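K.L.:
My questions will all concern the structure given below.
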Amino acid sequence: MQLASSGINAPIPPASWRSGFSFDIPLQFNGSTAIYLAPAGQTTKVAITSDWPHPGFTGAFLPETRDITDGGFTAEWVIPYLARGLPKFLETTILPLQSTMMGVKFVEPVDFYQTISRSLKYAIGFFSLTFMAVFMLEMGSSWQFHWIQYGLVGLALVVFYVMLLALAEHIGYTRAYLAAACAATALNAAYVGSSLKSWMAGAVMLTVLASIYAVLYALMREQDYALLIGSIIAFVALAITMFATQRIDWSGQRQKAADPRSAAA
């Protein structure tokens, strides 16, 4: 096989490739996200040992044996030349094994981009819980909350995600989440309390939003049971809202019945 001059090359004497040979090249990779290998040998045997605990095996061939622990992983591949679909000898100027590569990706299980993307999937439930809390506070107050004010509260929740992404690129996810959550919570709590003319409403809103953000953070750090926990929380919140608003006169019939002018008519 004749390859281009790029990469690592070494001449092989005829006596060596006729009788078989082995070689060892120590390489150090910095900042690599994956390693791919081409099964160019008649029988290709590959063994990889790494201290990365989250491998993602990919390619045309999966390892025959693998062991994954918290301290890293080991994996071994054995590929006979019949599995490659190529003749034993081939003269070409390009590597003909692009479609039969094998390798491993060094997966980052929870980086802040993935975490923010996951948190957006809970945005509808997160917004709904916030609006439910505002609505229940409005029902218990003598002041009304206009639909434009609901929209402003929603915009503050949207800005939370923008701040989270912008700050996470500079100060890390945890501190960015804390800063963005505190800002959005304080803003909405102060706005709801001042709009309803009640410091109690503001304190309740502060508690509700702080709890929601704390639960959302816990869900983002949980990988195995995030969906289950999120669905249970949504069900419990909906059940509380349903029974807490059970005494509200939605149609206004009770008010009409209690009005003496309507009774006289």
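In the structure tokens, each chain is lettered A, B, ... as it comes, each chain's residues begin at 1, and ligands are numbered from 1 in order of appearance.
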Within 9 Å of range 142-147 of chain A, counting only C-alpha atoms, which residues qualify if same-chain residues fewer than 3 places away don't, as a list of chain:residue names?

P.N.:
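Residues near the query, excluding close chain neighbours: A:Val134, A:Phe135, A:Glu138, A:Met139, A:Tyr150, A:Gly151, A:Leu152, A:Val192, A:Ser195, A:Leu196, A:Lys197.
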
K.L.:
So what do you get for CA of Thr33 in chain A versus CA of Phe106 in chain A, distance-wise?

P.N.:
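Here the two named atoms are 5.3 Å from each other.
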
K.L.:
Which polymer residues have any atom within 6 Å of an atom of range 74-83 of chain A, counting only C-alpha atoms, with same-chain residues fewer than 5 positions away left out, as a list in words?

P.N.:
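Non-adjacent residues within range: Gln42, Thr43, Thr44, Lys45, Val46, Ala47, Ile48, Thr49, Pro63, Glu64, Thr65, Arg66 and Asp67 of chain A.
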
K.L.:
Please produce an output containing N, CA and C atoms for each residue in the selection, written as a PDB file, in the first residue's frame.

P.N.:
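Saved file part32.pdb follows:
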```pdb
ATOM      1  N   GLN A  42      -3.861  -7.641   8.718  1.00  0.00           N
ATOM      2  CA  GLN A  42      -4.585  -8.851   8.341  1.00  0.00           C
ATOM      3  C   GLN A  42      -5.473  -9.308   9.491  1.00  0.00           C
ATOM      4  N   THR A  43      -4.953  -9.255  10.677  1.00  0.00           N
ATOM      5  CA  THR A  43      -5.759  -9.406  11.887  1.00  0.00           C
ATOM      6  C   THR A  43      -5.398  -8.248  12.804  1.00  0.00           C
ATOM      7  N   THR A  44      -6.351  -7.373  13.023  1.00  0.00           N
ATOM      8  CA  THR A  44      -6.093  -6.157  13.792  1.00  0.00           C
ATOM      9  C   THR A  44      -6.533  -6.378  15.232  1.00  0.00           C
ATOM     10  N   LYS A  45      -5.597  -6.198  16.148  1.00  0.00           N
ATOM     11  CA  LYS A  45      -5.888  -6.289  17.575  1.00  0.00           C
ATOM     12  C   LYS A  45      -5.555  -4.939  18.204  1.00  0.00           C
ATOM     13  N   VAL A  46      -6.528  -4.358  18.875  1.00  0.00           N
ATOM     14  CA  VAL A  46      -6.356  -3.034  19.478  1.00  0.00           C
ATOM     15  C   VAL A  46      -6.784  -3.119  20.937  1.00  0.00           C
ATOM     16  N   ALA A  47      -5.976  -2.550  21.804  1.00  0.00           N
ATOM     17  CA  ALA A  47      -6.299  -2.462  23.233  1.00  0.00           C
ATOM     18  C   ALA A  47      -6.101  -1.012  23.662  1.00  0.00           C
ATOM     19  N   ILE A  48      -7.124  -0.428  24.278  1.00  0.00           N
ATOM     20  CA  ILE A  48      -7.068   0.954  24.747  1.00  0.00           C
ATOM     21  C   ILE A  48      -7.344   0.974  26.241  1.00  0.00           C
ATOM     22  N   THR A  49      -6.483   1.656  26.969  1.00  0.00           N
ATOM     23  CA  THR A  49      -6.658   1.872  28.401  1.00  0.00           C
ATOM     24  C   THR A  49      -6.642   3.369  28.656  1.00  0.00           C
ATOM     25  N   PRO A  63     -15.944  -3.050  20.596  1.00  0.00           N
ATOM     26  CA  PRO A  63     -14.950  -3.890  21.273  1.00  0.00           C
ATOM     27  C   PRO A  63     -15.525  -5.226  21.702  1.00  0.00           C
ATOM     28  N   GLU A  64     -14.668  -6.240  21.625  1.00  0.00           N
ATOM     29  CA  GLU A  64     -15.094  -7.564  22.067  1.00  0.00           C
ATOM     30  C   GLU A  64     -15.210  -7.635  23.583  1.00  0.00           C
ATOM     31  N   THR A  65     -14.297  -6.999  24.266  1.00  0.00           N
ATOM     32  CA  THR A  65     -14.342  -6.942  25.723  1.00  0.00           C
ATOM     33  C   THR A  65     -14.133  -5.500  26.160  1.00  0.00           C
ATOM     34  N   ARG A  66     -14.791  -5.124  27.218  1.00  0.00           N
ATOM     35  CA  ARG A  66     -14.637  -3.771  27.755  1.00  0.00           C
ATOM     36  C   ARG A  66     -14.957  -3.781  29.236  1.00  0.00           C
ATOM     37  N   ASP A  67     -14.293  -2.909  29.957  1.00  0.00           N
ATOM     38  CA  ASP A  67     -14.499  -2.785  31.398  1.00  0.00           C
ATOM     39  C   ASP A  67     -14.491  -1.297  31.720  1.00  0.00           C
TER      40      ASP A  67
END
```

K.L.:
Counting only C-alpha atoms, which residue out of A:Ala218, A:Leu155, A:Val162, A:Ile212 sits closest to Leu129 in chain A?

P.N.:
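Smallest separation from Leu129 in chain A among the options: A:Ile212.
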
K.L.:
Hey, what's within 10 Å of range 172-178 of chain A if we count only C-alpha atoms and toss same-chain stuff fewer than 2 positions away? As a PyMOL selection string, please?

P.N.:
chain A and resi 111-113+115-116+160-161+163-170+180-183+213-214+217
